[in-house]
Every structure is written in structure tokens, then in C-alpha cells.
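What follows is a single structure, written as C-alpha cells, with notes after it.
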Amino acid sequence: MSAGSSVRTVSPRAHARARLICFPHAGGSAGAYRLWSLDAPWDIEVSAVQYAGREDRYGEEAAADMSDLVAGLCADLVRDLAARPRCATVLFGHSMGAAVAYETARALATLGHAPQALVVSGQPAPHLARGGTLHLASDAELVADLERLGGTAANVLDNEALLSAMLPTIRRDYRLIETYTPLPGRGLDLPVTVLYADADPEVDAEEAGAWRASTLGPCQVLPFRGGHFYLEEQREHVLPRIWERVRAVLPATSEAWASMP
């Protein structure tokens, strides 16, 4: 990780043939993917982007909108990807992170650094962005929505001081995704894999399938059991499918590598 970069890698793997770069959900941080990084197969390196306003970037103001966020991330990612030109790249995003990963993939393609594939989770297709006004709601209403989605630990929700520190960043993230519409420009031309959970209140099977319109490449839709944060509930089932999608972009010469432990 270069100084000032938004890319975080807990377990660097110099000999990795592919990288999975993860984009967190609203209010989330790069730390959400720490275990993914440690559990990944030896030939796959997992990194995550760190949005401003959290963890080691707590003192930085969050991006005003999707365009600003993507521009800042791309500046870091282009440098990062250029340093490892032989390493295949797959982007992954969950919830708000799915929209950020999609727009980042589009922007990187324009800059000549297109990823080899995109995996999205827990988010309707970009053209179905439904907007919202929760970013204008009271703190109590924001907390109620966090409880509804189930991704925030009870000890955090019960800690008034901690919530007070977190809510401004969460509110800005909600504003970003609730005011998001697809940015101008061409769509994708790469494989897209869509993950969703059968009890997720944020996306249903039809909305997940609508991601097929986002790319000229193949699109696979994979259902799982669980709610909006099924990624943790079903991690032992989800991660193997993601590793499959990452390895699918490797050239045939890497098959021997993929068979190794």
C-alpha cells in the first residue's frame, strides 16, 4: 500500500495470480474483509478500499457523491494496478459497495485499466436505483434502519458515544447511495456475477437478475439463504463461489496453480 492510498491489504501475496478488491457497504470499512483476506486461497490476494471517514481515515470527510468517490478511488487504484500488471483483477462490492464497484469498474475501463470481472451483492441493478430520504431522517430513524438490516453489532447500537461518532459517516453514505443514479458513459463489457439472499429486504430475485442489463458480457446470478448481511451468515458457502469467479478470469496456464492447496 502506497502512502495515502485508499487500498488496504491485510495479507499481501506477492505471488498471487489474481486480486479481489472489495468495496464496503454504507457505514462499512475495509476491516469488514479482514477474514476474507486471511481465508483466501494462496494464489488470490484480497484487498479492500477504505472510504474516507472511517478507521484509519476517520478524520477525512466522506465523498459528497458517487462521482467524487469514484474519482478518488480510481486515482489510487490506477497506481496500484499499474504496479502489478500481470495480476488479474476482480472487483467485489456489497450493498452500496456494489454500486461503487460497478461505477469504479466503468471508470477504470475508460482509463485503460478495466478489471477482468465484477462481482456484486445485495444491491438492485444500477438502472433500478430507487433513491431514498433516510439520509435526511433523525438519528433514531437511522439507527432503526441499521437494526432492520441487521449488520451492526448490538454493542455498537447500544453505545451512545460510539453511535454519535459513527452516525455522521453513515448518514453521508446513505446520502451517497440514496442520491445515486448511474454516471454518464458506456456500460461494462466483462463478466458480472450477482449474489443475493432470499430474505434480503433490499433486493429480490428480479432486481438481482436485472444486473444482466449492466454488461455486454455474461452475467451469472447466484442465490443464497439469509438476510441483507448473509455474507457473514453464509460465509462458508459464499466465499468458495467467489474464489471460483476470481479463478475463472485466469488464463488456462494457471489451471495447475489453481489445483494447488
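Each chain in the C-alpha cells gets a letter, A, B, ..., in the order shown, and its residues are numbered from 1; ligands are numbered from 1 in order too.
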
Please produce, as CSV, a per-residue contact table for range 12-72 of chain A versus range 80-86 of chain A (criterion: any atom at most 10 Å away, only C-alpha atoms considered), showing the nearest atom pair and its distance in Å to one decimal, sorted by chain then residue number.
```
residue,atom,partner,partner_atom,distance
A:Ala14,CA,A:Arg84,CA,9.5
A:Ala16,CA,A:Arg86,CA,9.6
A:Arg17,CA,A:Arg86,CA,7.5
A:Ala18,CA,A:Arg86,CA,8.6
A:Arg19,CA,A:Leu81,CA,9.7
```

Tell me, as a compact mmCIF listing (two decimals) with all heavy atoms, in the first residue's frame, which residues lie within 12 Å of Val156 in chain A, counting only C-alpha atoms; anything in the same chain fewer than 3 positions away does not count.
```
# COMPACT_ATOMS: atom_id res chain seq x y z
N VAL A 143 -30.79 4.74 13.11
CA VAL A 143 -30.47 3.59 13.95
C VAL A 143 -31.49 2.48 13.73
O VAL A 143 -31.13 1.29 13.64
CB VAL A 143 -30.40 4.00 15.43
CG1 VAL A 143 -30.28 2.77 16.33
CG2 VAL A 143 -29.25 4.95 15.68
N LEU A 146 -30.57 0.63 10.64
CA LEU A 146 -29.43 -0.25 10.89
C LEU A 146 -29.89 -1.54 11.58
O LEU A 146 -29.43 -2.64 11.24
CB LEU A 146 -28.37 0.45 11.74
CG LEU A 146 -27.70 1.68 11.13
CD1 LEU A 146 -26.74 2.30 12.15
CD2 LEU A 146 -26.96 1.34 9.85
N GLU A 147 -30.81 -1.40 12.52
CA GLU A 147 -31.36 -2.57 13.21
C GLU A 147 -32.15 -3.44 12.24
O GLU A 147 -32.08 -4.67 12.29
CB GLU A 147 -32.25 -2.12 14.37
CG GLU A 147 -31.49 -1.45 15.51
CD GLU A 147 -32.40 -0.91 16.58
OE1 GLU A 147 -33.56 -0.54 16.25
OE2 GLU A 147 -31.99 -0.85 17.75
N GLY A 150 -29.71 -5.42 10.12
CA GLY A 150 -29.07 -6.45 10.93
C GLY A 150 -27.57 -6.58 10.80
O GLY A 150 -27.00 -7.57 11.25
N GLY A 151 -26.89 -5.60 10.24
CA GLY A 151 -25.45 -5.74 10.05
C GLY A 151 -24.60 -5.05 11.10
O GLY A 151 -23.37 -5.08 11.00
N THR A 152 -25.23 -4.44 12.10
CA THR A 152 -24.49 -3.70 13.11
C THR A 152 -24.61 -4.40 14.45
O THR A 152 -25.71 -4.73 14.89
CB THR A 152 -25.03 -2.26 13.24
OG1 THR A 152 -25.05 -1.65 11.94
CG2 THR A 152 -24.16 -1.43 14.17
N ALA A 153 -23.49 -4.64 15.11
CA ALA A 153 -23.48 -5.37 16.38
C ALA A 153 -24.28 -4.63 17.43
O ALA A 153 -24.30 -3.39 17.48
CB ALA A 153 -22.04 -5.56 16.84
N ASN A 159 -24.24 1.63 22.32
CA ASN A 159 -23.21 2.54 22.82
C ASN A 159 -23.46 3.94 22.25
O ASN A 159 -23.16 4.23 21.10
CB ASN A 159 -21.83 2.02 22.39
CG ASN A 159 -20.70 2.80 23.03
OD1 ASN A 159 -20.74 4.02 23.12
ND2 ASN A 159 -19.65 2.09 23.43
N GLU A 160 -24.03 4.80 23.06
CA GLU A 160 -24.44 6.13 22.59
C GLU A 160 -23.27 6.95 22.07
O GLU A 160 -23.37 7.61 21.03
CB GLU A 160 -25.15 6.88 23.72
CG GLU A 160 -25.74 8.21 23.29
CD GLU A 160 -26.57 8.87 24.37
OE1 GLU A 160 -27.01 8.17 25.30
OE2 GLU A 160 -26.76 10.11 24.28
N ALA A 161 -22.13 6.88 22.76
CA ALA A 161 -20.96 7.66 22.34
C ALA A 161 -20.42 7.16 21.00
O ALA A 161 -20.08 7.95 20.12
CB ALA A 161 -19.88 7.59 23.41
N LEU A 162 -20.36 5.85 20.86
CA LEU A 162 -19.85 5.28 19.61
C LEU A 162 -20.79 5.58 18.46
O LEU A 162 -20.35 5.94 17.35
CB LEU A 162 -19.67 3.76 19.77
CG LEU A 162 -19.02 3.02 18.62
CD1 LEU A 162 -17.65 3.61 18.29
CD2 LEU A 162 -18.88 1.53 18.97
N LEU A 163 -22.09 5.45 18.69
CA LEU A 163 -23.07 5.76 17.64
C LEU A 163 -22.97 7.22 17.23
O LEU A 163 -23.06 7.55 16.04
CB LEU A 163 -24.48 5.46 18.14
CG LEU A 163 -25.08 4.11 17.81
CD1 LEU A 163 -26.50 4.03 18.35
CD2 LEU A 163 -25.07 3.84 16.32
N SER A 164 -22.80 8.08 18.21
CA SER A 164 -22.70 9.51 17.91
C SER A 164 -21.53 9.80 17.00
O SER A 164 -21.60 10.67 16.11
CB SER A 164 -22.57 10.30 19.22
OG SER A 164 -22.43 11.68 18.96
N ALA A 165 -20.44 9.07 17.17
CA ALA A 165 -19.25 9.26 16.33
C ALA A 165 -19.45 8.67 14.94
O ALA A 165 -18.93 9.20 13.95
CB ALA A 165 -18.04 8.63 17.00
N MET A 166 -20.23 7.58 14.84
CA MET A 166 -20.40 6.87 13.58
C MET A 166 -21.49 7.44 12.69
O MET A 166 -21.39 7.37 11.46
CB MET A 166 -20.71 5.39 13.85
CG MET A 166 -19.58 4.59 14.43
SD MET A 166 -20.13 2.90 14.86
CE MET A 166 -20.78 2.34 13.28
N LEU A 167 -22.55 7.97 13.30
CA LEU A 167 -23.73 8.34 12.52
C LEU A 167 -23.48 9.39 11.44
O LEU A 167 -24.08 9.30 10.36
CB LEU A 167 -24.85 8.80 13.46
CG LEU A 167 -25.62 7.66 14.14
CD1 LEU A 167 -26.65 8.22 15.13
CD2 LEU A 167 -26.32 6.77 13.11
```

Inset, instruction - Quick one: everything within 10 Å of Ala32 in chain A, counting only C-alpha atoms, minus sequence neighbours fewer than 6 positions away in the same chain. Send it as an MDAnalysis selection string. - result: chainID A and resid 22:25 48 232

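Atom pair CA of Gln123 in chain A / CA of Ala99 in chain A has a distance of 7.4 Å (rounded to one decimal).
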
Legend entry - Residue nearest His228 in chain A among A:Asp200, A:Glu55, A:Asp145, A:Glu207 (counting only C-alpha atoms):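 The answer is A:Asp200, which sits nearest to His228 in chain A.
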
Legend entry - Residue with smallest distance to Thr181 in chain A - pool A:Gly131, A:Gly122, A:Gly59, A:Pro41, counting only C-alpha atoms: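 Ranking A:Gly131, A:Gly122, A:Gly59, A:Pro41 by distance to Thr181 in chain A, first place goes to A:Gly131.
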
Legend entry - A:Leu73, A:Ala208, A:Ala144, A:Ala40 ranked by distance to Leu239 in chain A, top pick (using only C-alpha atoms):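 Between A:Leu73, A:Ala208, A:Ala144, A:Ala40, the residue approaching Leu239 in chain A most closely is A:Ala40.
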
Inset, instruction - Extract, using only C-alpha atoms, all DNA, RNA and protein residues at most 12 Å from Arg130 in chain A, discarding same-chain residues fewer than 5 positions from it, and format them as a ChimeraX atom specification. - result: /A:123-125,177-182,202-203,207

Inset, instruction - Work out how far CA of Gln116 in chain A is from CA of Thr89 in chain A, in Å to one decimal. - result: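 CA of Gln116 in chain A lies at a distance of 5.6 Å from CA of Thr89 in chain A.
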
Inset, instruction - Find the residue from A:Pro201, A:Pro223, A:Pro191, A:Pro12 that sits nearest to Ala117 in chain A; use only C-alpha atoms when measuring. - result: A:Pro191

Mind running range 49-112 of chain A against range 26-31 of chain A at 6 Å and telling me each contacting residue's nearest atom pair with the distance in Å (one decimal), counting only C-alpha atoms, chain and number ascending, as a tab-separated table?
```
residue	atom	partner	partner_atom	distance
A:Val49	CA	A:Ala30	CA	5.7
A:Gln50	CA	A:Ala30	CA	5.1
A:Met96	CA	A:Ala26	CA	5.5
```

Legend entry - From A:Ser11, A:Gln234, A:Ser121, A:Asn155, residue lying nearest Glu45 in chain A [only C-alpha atoms]: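 Nearest to Glu45 in chain A: A:Ser11.
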